[in-house]
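The data block below is input-v8.txt; it holds compact mmCIF, C-alpha atoms.
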```txt
# COMPACT_ATOMS: atom_id res chain seq x y z
CA ILE A 1 0.00 0.00 0.00
CA PHE A 2 3.00 2.28 0.44
CA ILE A 3 3.64 2.67 -3.27
CA ILE A 4 -0.01 3.61 -3.84
CA ARG A 5 0.03 6.04 -0.93
CA GLY A 6 3.15 7.63 -2.40
CA ASN A 7 1.53 7.80 -5.85
CA ARG A 8 4.24 5.59 -7.33
CA VAL A 9 1.57 3.35 -8.88
CA ASP A 10 -2.07 4.07 -9.68
CA VAL A 11 -3.62 0.59 -9.65
CA ALA A 12 -2.67 -2.62 -7.83
CA PHE A 13 -3.80 -6.09 -6.76
CA VAL A 14 -3.53 -6.16 -2.93
CA CYS A 15 -4.25 -8.40 0.02
CA SER A 16 -7.59 -7.87 1.75
CA LEU A 17 -5.94 -6.51 4.92
CA ALA A 18 -3.82 -4.15 2.84
CA TYR A 19 -7.03 -2.83 1.26
CA VAL A 20 -8.66 -2.28 4.66
CA LYS A 21 -5.57 -0.48 5.98
CA GLY A 22 -5.22 1.63 2.85
CA LYS A 23 -8.91 2.49 2.81
CA ASP A 24 -8.93 3.55 6.45
CA GLU A 25 -5.58 5.35 6.46
CA PHE A 26 -5.65 7.36 3.22
CA GLY A 27 -8.79 6.52 1.27
CA MET A 28 -7.40 3.87 -1.10
CA GLU A 29 -10.30 2.90 -3.34
CA LEU A 30 -11.82 -0.46 -4.20
CA LEU A 31 -12.06 -0.87 -7.98
CA VAL A 32 -13.07 -4.47 -8.74
CA ALA A 33 -12.56 -7.95 -7.31
CA PRO A 34 -11.83 -11.29 -8.98
CA GLN A 35 -14.34 -14.09 -9.01
CA ILE A 36 -12.69 -17.48 -8.58
CA ASP A 37 -14.66 -20.71 -8.88
CA GLY A 38 -17.83 -18.65 -8.69
CA GLN A 39 -16.84 -16.99 -5.40
CA THR A 40 -15.57 -13.59 -4.28
CA THR A 41 -14.41 -14.92 -0.93
CA TYR A 42 -11.46 -16.90 0.34
CA TYR A 43 -10.19 -18.45 3.59
CA SER A 44 -7.19 -18.66 5.85
CA TYR A 45 -5.98 -22.26 6.05
CA LEU A 46 -4.11 -23.56 9.08
CA ILE A 47 -1.70 -26.15 7.69
CA VAL A 48 0.70 -28.67 9.22
CA PRO A 49 2.86 -31.50 7.87
CA SER A 50 0.75 -34.51 6.91
CA ALA A 51 2.42 -36.62 9.63
CA SER A 52 1.65 -34.09 12.37
CA ASN A 53 -0.62 -35.13 15.24
CA ALA A 54 -2.07 -31.61 15.43
CA ARG A 55 -5.79 -31.41 14.75
CA SER A 56 -6.50 -27.82 15.76
CA LEU A 57 -4.80 -24.55 16.58
CA GLN A 58 -4.78 -25.51 20.27
CA ASP A 59 -2.53 -28.45 19.42
CA LEU A 60 0.12 -26.02 18.12
CA ARG A 61 0.67 -24.40 21.52
CA GLY A 62 4.44 -24.28 22.04
CA ALA A 63 5.12 -25.10 18.39
CA SER A 64 7.01 -23.11 15.76
CA PHE A 65 4.85 -21.15 13.33
CA ALA A 66 5.08 -19.25 10.06
CA PHE A 67 3.14 -16.09 9.30
CA THR A 68 3.41 -14.65 5.81
CA ASP A 69 3.44 -10.86 6.00
CA PRO A 70 2.46 -8.23 8.59
CA ILE A 71 -0.18 -6.83 6.19
CA SER A 72 -1.63 -10.22 5.23
CA ASN A 73 -5.11 -11.13 6.41
CA SER A 74 -5.01 -14.88 5.84
CA GLY A 75 -1.33 -15.15 6.72
CA TYR A 76 -1.24 -12.97 9.85
CA LEU A 77 -4.40 -11.13 10.99
CA ALA A 78 -6.76 -14.12 10.88
CA PRO A 79 -4.45 -16.54 12.75
CA ALA A 80 -3.40 -13.86 15.25
CA TYR A 81 -7.08 -13.19 15.92
CA GLN A 82 -7.71 -16.91 16.46
CA VAL A 83 -4.82 -17.03 18.91
CA SER A 84 -6.34 -14.05 20.76
CA LEU A 85 -9.58 -16.03 21.19
CA LEU A 86 -7.51 -18.49 23.22
CA GLY A 87 -6.40 -15.63 25.48
CA GLU A 88 -2.90 -15.59 24.03
CA THR A 89 -0.64 -13.61 21.73
CA PRO A 90 1.59 -15.18 19.06
CA ALA A 91 4.60 -14.50 21.30
CA SER A 92 3.07 -16.30 24.28
CA PHE A 93 1.37 -19.09 22.35
CA PHE A 94 4.11 -20.26 19.97
CA SER A 95 7.64 -21.23 20.95
CA ARG A 96 8.81 -19.07 18.04
CA TYR A 97 7.35 -17.59 14.89
CA ILE A 98 8.71 -16.15 11.67
CA PHE A 99 7.50 -14.14 8.70
CA THR A 100 8.20 -15.79 5.34
CA TYR A 101 6.82 -12.89 3.23
CA SER A 102 5.20 -15.33 0.81
CA HIS A 103 2.39 -17.88 1.06
CA ASP A 104 4.43 -20.16 -1.19
CA ASN A 105 7.37 -19.91 1.23
CA SER A 106 5.14 -20.74 4.20
CA ILE A 107 3.65 -23.74 2.41
CA MET A 108 7.07 -25.07 1.48
CA ALA A 109 8.43 -24.49 5.01
CA VAL A 110 5.65 -26.69 6.41
CA ALA A 111 5.97 -29.28 3.65
CA GLU A 112 9.70 -29.63 4.34
CA LYS A 113 9.06 -29.70 8.14
CA LEU A 114 11.13 -26.58 8.73
CA ILE A 115 8.24 -25.22 10.76
CA ASP A 116 5.41 -26.92 12.65
CA GLY A 117 2.53 -24.95 11.17
CA ALA A 118 1.48 -21.95 9.12
CA ALA A 119 -1.55 -19.93 8.07
CA VAL A 120 -1.90 -19.36 4.34
CA ASP A 121 -4.21 -18.03 1.63
CA SER A 122 -6.66 -20.76 0.58
CA LEU A 123 -6.55 -19.68 -3.07
CA ILE A 124 -2.79 -20.08 -3.30
CA TYR A 125 -2.74 -23.30 -1.29
CA ASP A 126 -5.48 -24.94 -3.35
CA GLN A 127 -3.81 -24.05 -6.62
CA LEU A 128 -0.41 -25.31 -5.50
CA VAL A 129 -1.60 -28.66 -4.17
CA ASN A 130 -3.98 -29.24 -7.08
CA ASP A 131 -1.02 -28.90 -9.44
CA ASN A 132 1.41 -30.95 -7.35
CA ALA A 133 0.32 -34.28 -5.90
CA GLU A 134 3.72 -34.80 -4.24
CA LEU A 135 3.37 -31.52 -2.37
CA ALA A 136 -0.23 -32.27 -1.44
CA ALA A 137 0.87 -35.54 0.18
CA LYS A 138 3.17 -33.63 2.54
CA LEU A 139 0.49 -31.31 3.92
CA LYS A 140 -2.89 -31.21 5.60
CA VAL A 141 -5.34 -28.46 6.48
CA ILE A 142 -6.54 -28.65 10.09
CA ALA A 143 -8.61 -25.44 10.26
CA ARG A 144 -10.31 -23.07 7.86
CA TRP A 145 -11.13 -19.53 8.95
CA GLY A 146 -13.41 -17.21 7.03
CA PRO A 147 -14.85 -16.59 4.54
CA TYR A 148 -13.32 -13.18 3.91
CA GLY A 149 -13.66 -10.70 1.06
CA ILE A 150 -11.26 -11.73 -1.70
CA PRO A 151 -8.06 -9.72 -2.37
CA PRO A 152 -9.20 -6.87 -4.66
CA VAL A 153 -7.89 -4.52 -7.32
CA VAL A 154 -7.49 -1.03 -5.87
CA VAL A 155 -6.63 2.44 -7.11
CA SER A 156 -5.12 5.58 -5.69
CA PRO A 157 -7.67 8.11 -4.45
CA ALA A 158 -5.71 10.74 -6.42
CA LEU A 159 -6.38 9.03 -9.76
CA ASP A 160 -8.57 10.92 -12.23
CA SER A 161 -12.20 9.78 -11.90
CA ARG A 162 -12.60 9.24 -15.64
CA LEU A 163 -9.52 7.02 -15.74
CA LYS A 164 -10.84 5.06 -12.74
CA GLN A 165 -14.03 4.33 -14.66
CA GLU A 166 -12.09 3.34 -17.76
CA LEU A 167 -10.00 0.93 -15.70
CA ARG A 168 -13.12 -0.49 -14.04
CA ASP A 169 -14.79 -0.99 -17.42
CA PHE A 170 -11.65 -2.70 -18.74
CA PHE A 171 -11.54 -5.22 -15.89
CA LEU A 172 -15.29 -5.88 -15.98
CA ALA A 173 -15.20 -6.65 -19.71
CA LEU A 174 -11.96 -8.65 -19.74
CA HIS A 175 -13.68 -12.03 -19.79
CA THR A 176 -15.73 -11.14 -22.88
CA SER A 177 -12.81 -11.24 -25.35
CA ASP A 178 -10.86 -14.33 -26.38
CA LYS A 179 -7.52 -12.83 -25.34
CA GLY A 180 -8.92 -11.55 -22.06
CA ALA A 181 -10.51 -14.91 -21.28
CA GLU A 182 -7.17 -16.59 -21.96
CA ILE A 183 -5.38 -14.23 -19.58
CA LEU A 184 -7.97 -14.84 -16.87
CA ALA A 185 -7.81 -18.61 -17.36
CA ASN A 186 -4.03 -18.52 -16.85
CA LEU A 187 -4.66 -16.68 -13.57
CA ALA A 188 -7.45 -19.11 -12.54
CA ILE A 189 -9.89 -16.16 -12.44
CA ASP A 190 -13.45 -16.43 -13.80
CA ARG A 191 -13.99 -12.71 -14.26
CA PHE A 192 -13.85 -9.42 -12.38
CA LEU A 193 -16.87 -8.00 -10.55
CA ILE A 194 -17.84 -4.90 -8.60
CA ILE A 195 -17.76 -5.70 -4.88
CA SER A 196 -18.90 -3.73 -1.84
CA ASP A 197 -16.62 -2.53 0.94
CA ASP A 198 -18.98 -4.44 3.26
CA ALA A 199 -17.32 -7.65 2.03
CA TYR A 200 -14.32 -6.68 4.15
CA SER A 201 -16.21 -5.90 7.36
CA SER A 202 -15.06 -9.06 9.16
CA ILE A 203 -11.43 -8.19 8.46
CA ARG A 204 -11.96 -4.66 9.76
CA GLU A 205 -13.60 -6.09 12.90
CA MET A 206 -10.72 -8.49 13.61
CA LYS A 207 -8.25 -5.67 13.10
CA ALA A 208 -10.17 -3.46 15.55
CA LYS A 209 -10.46 -6.18 18.19
CA LEU A 210 -6.69 -6.73 18.08
CA GLY A 211 -6.07 -2.99 18.25
CA TRP A 212 -4.06 -2.99 15.05
```
So, in terms of structure tokens, how does the structure I just supplied come out?
Amino acid sequence: IFIIRGNRVDVAFVCSLAYVKGKDEFGMELLVAPQIDGQTTYYSYLIVPSASNARSLQDLRGASFAFTDPISNSGYLAPAYQVSLLGETPASFFSRYIFTYSHDNSIMAVAEKLIDGAAVDSLIYDQLVNDNAELAAKLKVIARWGPYGIPPVVVSPALDSRLKQELRDFFLALHTSDKGAEILANLAIDRFLIISDDAYSSIREMKAKLGW
């Protein structure tokens, strides 16, 4: 969100938490959202190695854990919120935790047993394991939190209003052309839709309850 706030870029694909922070802090604007498998929502998956005895978050007390990024909903806010429901903080609940700065990195760290558990974006996890049976065999999902509003396309509040509408129209019509449909298929996206800010209310509520 920093490069949008600094007007270094005008349009970007961001995490849901990044959108909420940008919206609340400097008016970053929601443009459109992707629809994937007919949905405009996603989840935070709690994953562990397939051989792990853990069946819930409670079973990871005292374990090592991987978060993805400090401005990730599925990779940080959602699991931190779940830990708070147990009356703990990440520092008190886990023996240690790290930030991998990538859902792919977190998934691989768990698959290779470098870490005991992680919270990751369901969209990325599902795509990776669907394409890689060997990887899928090394992992299991023991909790699913959500649904949450899907990571959206956003624009700078300083962008010209006519250009914003042109960009919106472009994304909304992308699936109607052969080339656009091909691009979307390669990204595993059905189409882009207009979505309400209300879709991100649960993320905003978790953020407020944690005092972030």
Cut-off 8 Å around (-7.0, -3.1, -8.9) with all atoms listed in the file: residues as a PyMOL selection string: chain A and resi 11-14+30-33+152-155
Using 7 Å as the limit and counting all atoms listed in the file, can you tabulate each residue of segment 105-210 of chain A that touches segment 69-75 of chain A, with its shortest atom-to-atom distance in Å and the two atoms involved, as a tab-separated table?
```
residue	atom	partner	partner_atom	distance
A:Ala119	CA	A:Gly75	CA	5.0
A:Val120	CA	A:Gly75	CA	4.9
A:Asp121	CA	A:Ser74	CA	5.3
```
Restricting the calculation to all atoms listed in the file: of A:Ser44, A:Gln39, A:Ser50, A:Gln127, which residue gets closest to Ala80 of chain A? A:Ser44
Residue among A:Gly149, A:Tyr43, A:Ala109, A:Leu135 lying closest to Ile195 of chain A, counting only C-alpha atoms: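 Ranked by minimum distance to Ile195 of chain A, first place goes to A:Gly149.
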Skip Ala199 of chain A itself and residues of its chain fewer than 6 positions away, then list as a ChimeraX atom specification all residues within 10 Å of it, counting all atoms listed in the file. /A:16,40-41,147-150
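Checking A:Gly146, A:Pro49, A:Pro79, A:Gly27 one by one against Gly117 of chain A, counting all atoms listed in the file, you find the shortest gap at A:Pro49.
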Using all atoms listed in the file, can you tell me which of A:Ala111, A:Leu123, A:Leu210, A:Ala66 comes closest to Ala188 of chain A?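 So, comparing all the options, the nearest one is A:Leu123.
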